[in-house]
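This is final_11.cif. It holds mmCIF, C-alpha atoms.
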data_query
loop_
_atom_site.group_PDB
_atom_site.id
_atom_site.type_symbol
_atom_site.label_atom_id
_atom_site.label_comp_id
_atom_site.auth_asym_id
_atom_site.auth_seq_id
_atom_site.Cartn_x
_atom_site.Cartn_y
_atom_site.Cartn_z
ATOM 1 C CA MET V 79 -10.630 62.908 34.769
ATOM 2 C CA ILE V 80 -7.771 62.469 32.258
ATOM 3 C CA ARG V 81 -7.881 66.150 31.293
ATOM 4 C CA GLY V 82 -7.572 67.187 34.935
ATOM 5 C CA ARG V 83 -4.683 64.769 35.395
ATOM 6 C CA ASP V 84 -2.899 66.072 32.306
ATOM 7 C CA ALA V 85 -3.508 69.685 33.339
ATOM 8 C CA GLU V 86 -2.047 69.023 36.811
ATOM 9 C CA TYR V 87 0.960 67.294 35.292
ATOM 10 C CA THR V 88 1.537 70.093 32.787
ATOM 11 C CA GLU V 89 1.265 72.725 35.512
ATOM 12 C CA TYR V 90 3.733 70.837 37.715
ATOM 13 C CA VAL V 91 6.264 70.336 34.903
ATOM 14 C CA THR V 92 5.990 73.966 33.792
ATOM 15 C CA ALA V 93 6.759 75.141 37.317
ATOM 16 C CA ARG V 94 9.637 72.688 37.965
ATOM 17 C CA LEU V 95 11.252 72.179 34.561
ATOM 18 C CA SER V 96 14.087 74.676 35.009
ATOM 19 C CA SER V 97 15.133 73.256 38.386
ATOM 20 C CA LEU V 98 15.086 69.706 36.991
ATOM 21 C CA GLN V 99 17.180 70.837 34.021
ATOM 22 C CA ARG V 100 19.729 72.512 36.310
ATOM 23 C CA LEU V 101 20.005 69.388 38.452
ATOM 24 C CA ALA V 102 20.444 67.196 35.367
ATOM 25 C CA ALA V 103 23.069 69.567 33.945
ATOM 26 C CA VAL V 104 25.088 69.341 37.137
ATOM 27 C CA LEU V 105 24.818 65.554 37.127
ATOM 28 C CA CYS V 106 25.701 65.116 33.442
ATOM 29 C CA ASP V 107 28.003 68.080 32.802
ATOM 30 C CA ASP V 108 26.503 68.154 29.302
ATOM 31 C CA ARG V 109 23.401 70.139 28.328
ATOM 32 C CA GLN V 110 22.237 67.756 25.597
ATOM 33 C CA ARG V 111 22.536 64.687 27.817
ATOM 34 C CA ALA V 112 20.859 66.629 30.612
ATOM 35 C CA ASP V 113 17.895 67.369 28.341
ATOM 36 C CA ASP V 114 17.648 63.668 27.469
ATOM 37 C CA LEU V 115 17.824 62.769 31.146
ATOM 38 C CA VAL V 116 15.062 65.232 32.049
ATOM 39 C CA GLN V 117 12.906 63.914 29.200
ATOM 40 C CA GLY V 118 13.269 60.355 30.478
ATOM 41 C CA ALA V 119 12.472 61.421 34.033
ATOM 42 C CA LEU V 120 9.423 63.428 32.912
ATOM 43 C CA THR V 121 8.143 60.426 30.982
ATOM 44 C CA LYS V 122 8.383 58.277 34.107
ATOM 45 C CA LEU V 123 6.720 60.999 36.159
ATOM 46 C CA TYR V 124 3.834 61.135 33.690
ATOM 47 C CA VAL V 125 3.354 57.377 33.764
ATOM 48 C CA HIS V 126 3.323 57.397 37.574
ATOM 49 C CA TRP V 127 1.612 60.755 38.024
ATOM 50 C CA GLY V 128 -0.936 59.276 40.418
ATOM 51 C CA ARG V 129 1.875 58.307 42.814
ATOM 52 C CA VAL V 130 3.651 61.629 42.369
ATOM 53 C CA ARG V 131 0.482 63.582 43.049
ATOM 54 C CA ALA V 132 -0.201 61.517 46.186
ATOM 55 C CA ALA V 133 3.363 61.857 47.488
ATOM 56 C CA SER V 134 3.921 64.141 50.447
ATOM 57 C CA HIS V 135 6.850 65.812 48.604
ATOM 58 C CA PRO V 136 6.370 65.673 44.811
ATOM 59 C CA ASP V 137 9.617 67.605 44.228
ATOM 60 C CA ALA V 138 11.607 65.029 46.182
ATOM 61 C CA TYR V 139 9.877 62.271 44.190
ATOM 62 C CA ALA V 140 10.807 63.972 40.913
ATOM 63 C CA ARG V 141 14.387 64.529 42.052
ATOM 64 C CA THR V 142 14.631 60.857 43.043
ATOM 65 C CA VAL V 143 13.392 59.752 39.631
ATOM 66 C CA LEU V 144 15.902 62.044 37.912
ATOM 67 C CA VAL V 145 18.893 60.889 39.968
ATOM 68 C CA ARG V 146 17.989 57.217 39.598
ATOM 69 C CA GLU V 147 17.546 57.705 35.868
ATOM 70 C CA PHE V 148 21.042 59.234 35.751
ATOM 71 C CA ILE V 149 22.565 56.328 37.671
ATOM 72 C CA HIS V 150 20.722 53.806 35.506
ATOM 73 C CA GLU V 151 21.930 55.551 32.334
ATOM 74 C CA ARG V 152 25.533 55.489 33.550
ATOM 75 C CA ARG V 153 25.298 51.749 34.210
ATOM 76 C CA SER V 154 23.766 50.906 30.845
ATOM 77 C CA ASN V 155 25.717 49.608 27.883
ATOM 78 C CA TRP V 156 24.729 52.701 25.889
ATOM 79 C CA VAL V 157 27.190 54.822 27.866
ATOM 80 C CA ARG V 158 29.951 52.330 27.212
ATOM 81 C CA ARG V 159 29.225 52.230 23.475
ATOM 82 C CA VAL V 160 28.562 55.907 22.825
ATOM 83 C CA SER V 161 30.997 58.551 23.915
ATOM 84 C CA LEU V 162 29.617 62.045 23.655
ATOM 85 C CA THR V 163 32.109 64.801 24.220
ATOM 86 C CA GLY V 164 30.663 68.248 24.206
ATOM 87 C CA GLN V 165 31.482 71.594 25.645
ATOM 88 C CA VAL V 166 29.150 73.517 27.863
ATOM 89 C CA ASN V 167 28.671 76.786 26.007
ATOM 90 C CA GLU V 168 27.772 78.780 29.088
ATOM 91 C CA PRO V 169 30.718 80.245 31.005
ATOM 92 C CA PRO V 170 30.562 80.228 34.815
ATOM 93 C CA ALA V 171 28.877 83.350 36.160
ATOM 94 C CA ALA V 172 31.394 84.604 38.697
ATOM 95 C CA ALA V 173 34.350 82.252 38.511
ATOM 96 C CA VAL V 174 37.528 83.841 39.762
ATOM 97 C CA ASP V 175 39.908 81.184 38.500
ATOM 98 C CA HIS V 176 38.712 79.584 35.267
ATOM 99 C CA ASP V 177 41.408 76.910 35.376
ATOM 100 C CA ALA V 178 40.333 75.843 38.862
ATOM 101 C CA VAL V 179 36.708 75.645 37.762
ATOM 102 C CA LEU V 180 37.657 73.475 34.785
ATOM 103 C CA ASP V 181 39.815 71.281 37.007
ATOM 104 C CA LEU V 182 36.951 70.860 39.467
ATOM 105 C CA ARG V 183 34.455 70.045 36.700
ATOM 106 C CA ALA V 184 36.821 67.488 35.208
ATOM 107 C CA ALA V 185 37.424 65.927 38.618
ATOM 108 C CA VAL V 186 33.695 65.635 39.339
ATOM 109 C CA ALA V 187 32.969 64.366 35.813
ATOM 110 C CA ALA V 188 35.548 61.582 36.310
ATOM 111 C CA LEU V 189 33.757 60.239 39.387
ATOM 112 C CA PRO V 190 31.605 57.108 39.188
ATOM 113 C CA ALA V 191 27.897 57.850 38.814
ATOM 114 C CA ARG V 192 26.883 57.103 42.421
ATOM 115 C CA GLN V 193 29.690 59.209 43.868
ATOM 116 C CA ARG V 194 28.849 62.100 41.560
ATOM 117 C CA ALA V 195 25.152 61.795 42.402
ATOM 118 C CA THR V 196 26.005 61.765 46.100
ATOM 119 C CA LEU V 197 28.055 64.970 45.813
ATOM 120 C CA VAL V 198 25.354 66.680 43.766
ATOM 121 C CA LEU V 199 22.616 65.735 46.224
ATOM 122 C CA ARG V 200 24.652 66.689 49.298
ATOM 123 C CA TYR V 201 26.300 69.897 48.109
ATOM 124 C CA TYR V 202 24.350 71.175 45.103
ATOM 125 C CA CYS V 203 20.852 70.256 46.303
ATOM 126 C CA ASP V 204 21.875 70.779 49.958
ATOM 127 C CA LEU V 205 20.139 67.600 51.111
ATOM 128 C CA THR V 206 20.826 65.831 54.382
ATOM 129 C CA ILE V 207 22.494 62.441 54.538
ATOM 130 C CA ASP V 208 19.140 60.757 55.211
ATOM 131 C CA GLN V 209 17.412 62.539 52.325
ATOM 132 C CA SER V 210 20.257 61.620 49.975
ATOM 133 C CA ALA V 211 20.141 58.004 51.158
ATOM 134 C CA GLU V 212 16.419 57.834 50.456
ATOM 135 C CA ILE V 213 16.845 59.167 46.917
ATOM 136 C CA LEU V 214 19.783 56.883 46.177
ATOM 137 C CA GLY V 215 18.068 53.880 47.734
ATOM 138 C CA CYS V 216 20.915 53.097 50.128
ATOM 139 C CA SER V 217 21.840 53.477 53.785
ATOM 140 C CA PRO V 218 23.060 56.727 55.347
ATOM 141 C CA GLY V 219 26.409 55.030 55.977
ATOM 142 C CA THR V 220 26.759 54.394 52.253
ATOM 143 C CA VAL V 221 26.059 58.064 51.542
ATOM 144 C CA LYS V 222 28.770 59.040 54.034
ATOM 145 C CA SER V 223 31.324 56.659 52.557
ATOM 146 C CA GLN V 224 30.463 57.596 48.960
ATOM 147 C CA THR V 225 30.764 61.283 49.860
ATOM 148 C CA ALA V 226 34.130 60.748 51.562
ATOM 149 C CA ARG V 227 35.470 58.716 48.640
ATOM 150 C CA ALA V 228 34.212 61.254 46.105
ATOM 151 C CA LEU V 229 35.708 64.207 47.956
ATOM 152 C CA ASP V 230 39.006 62.339 48.353
ATOM 153 C CA ALA V 231 39.068 61.532 44.630
ATOM 154 C CA VAL V 232 38.314 65.163 43.732
ATOM 155 C CA ARG V 233 41.073 66.396 46.068
ATOM 156 C CA ARG V 234 43.577 63.937 44.574
ATOM 157 C CA SER V 235 42.546 64.907 41.060
ATOM 158 C CA ILE V 236 42.880 68.622 41.684
ATOM 159 C CA GLY V 237 46.306 68.065 43.191
ATOM 160 C CA PRO V 238 48.511 69.910 45.668
ATOM 161 C CA TRP V 239 48.371 73.232 43.788
ATOM 162 C CA HIS V 240 44.757 73.632 44.930
ATOM 163 C CA ASP V 241 45.874 75.125 48.265
ATOM 164 C CA ALA V 242 48.736 77.094 46.738
ATOM 165 C CA GLY V 243 46.433 79.589 45.015
ATOM 166 C CA SER V 244 46.014 80.213 41.326
ATOM 167 C CA GLY V 245 49.729 80.005 40.525
ATOM 168 C CA ARG V 246 49.151 76.405 39.429
ATOM 169 C CA GLN V 247 52.476 75.349 41.004
ATOM 170 C CA PRO V 248 52.494 72.558 43.580
ATOM 171 C CA ALA V 249 52.865 73.709 47.160
ATOM 172 C CA LYS V 250 56.374 73.097 48.458
ATOM 173 C CA ALA V 251 56.600 70.680 51.309
ATOM 174 C CA ALA V 252 58.070 72.191 54.434
ATOM 175 C CA GLY V 253 60.272 69.910 56.423
ATOM 176 C CA PRO V 254 63.725 69.376 57.813
ATOM 177 C CA ALA V 255 66.734 69.291 55.487
ATOM 178 C CA THR V 256 67.854 65.803 54.578
ATOM 179 C CA ARG V 257 71.331 64.420 55.210
ATOM 180 C CA GLY V 258 73.718 65.240 52.439
ATOM 181 C CA GLY V 259 71.844 68.438 51.587
ATOM 182 C CA PRO V 260 72.877 72.001 52.324
ATOM 183 C CA SER V 261 74.220 72.385 55.843
ATOM 184 C CA ASP V 262 72.807 74.718 58.451
ATOM 185 C CA ASP V 263 76.288 76.131 59.323
#

Let me see the file written as structure tokens.
Amino acid sequence: MIRGRDAEYTEYVTARLSSLQRLAAVLCDDRQRADDLVQGALTKLYVHWGRVRAASHPDAYARTVLVREFIHERRSNWVRRVSLTGQVNEPPAAAVDHDAVLDLRAAVAALPARQRATLVLRYYCDLTIDQSAEILGCSPGTVKSQTARALDAVRRSIGPWHDAGSGRQPAKAAGPATRGGPSDD
């Protein structure tokens, strides 16, 4: 019985490991931390393999464990005591504007854990509001508000030059001339 259980678990992990690693890398923005996160999630999956196996969607169960592990890690004192700064060694595949990509990564990395997890679930994993709410253990309204706040924070962080193209100069505000300025004569 144990051998069959272990074989099922090993087969599942072998098939899903790369997708779990990609999800963790997007959440953490650090490959080493992502590997640690996946290891912790896989340990929990192994301990609760009976529940995972009986679940109607084992992939959703695994994704939930991974995201909750990420949020728990971000709340723990370990994150406050240890500051790991590392560079992702893999360049983006088809990035047109490298500066914009770095700005976006920095903006997402600066978000609180729940907001970052919400963005990753909604836009990277392409989950619905209800699916994201189930994984995060909150209401759909909370997912909506967290998403709105996260997107607003990312937009503010990127700044007004985002819409101006890659020139990295702020977009000039169009509006009427002020009194005391150049005349329209």

The residue from V:Asp84, V:Glu89, V:Asp208, V:Asp107 with the smallest atom-to-atom distance to Arg194 of chain V, counting only C-alpha atoms, is V:Asp107

What's around Ala138 of chain V at 12 Å? Count only C-alpha atoms, leave out sequence neighbours fewer than 2 positions away in its own chain, and write the answer as a list of chain:residue names. V:Arg94, V:Ser97, V:Leu98, V:Leu123, V:Val130, V:Arg131, V:Ala133, V:Ser134, V:His135, V:Pro136, V:Ala140, V:Arg141, V:Thr142, V:Val143, V:Leu144, V:Val145, V:Leu199, V:Cys203, V:Leu205, V:Gln209, V:Ser210, V:Glu212, V:Ile213, V:Leu214

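With atom CA of Val186 of chain V on one side and atom CA of Ala228 of chain V on the other, the separation reads 8.1 Å.
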
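Between atom CA of Ala211 of chain V and atom CA of Gln224 of chain V lies a distance of 10.6 Å.
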
Nearest to Thr92 of chain V by atom-to-atom distance, counting all atoms listed in the file, from V:Leu180, V:Arg233, V:Leu120, V:Leu189: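 Under the stated criterion, the closest residue is V:Leu120.
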
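Once Arg227 of chain V and its same-chain neighbours fewer than 3 positions away are set aside, V:Val186, V:Leu189, V:Pro190, V:Arg192, V:Gln193, V:Arg194, V:Thr196, V:Leu197, V:Thr220, V:Val221, V:Lys222, V:Ser223, V:Gln224, V:Asp230, V:Ala231, V:Val232, V:Arg233, V:Arg234 remain within 12 Å of it when counting all atoms listed in the file.
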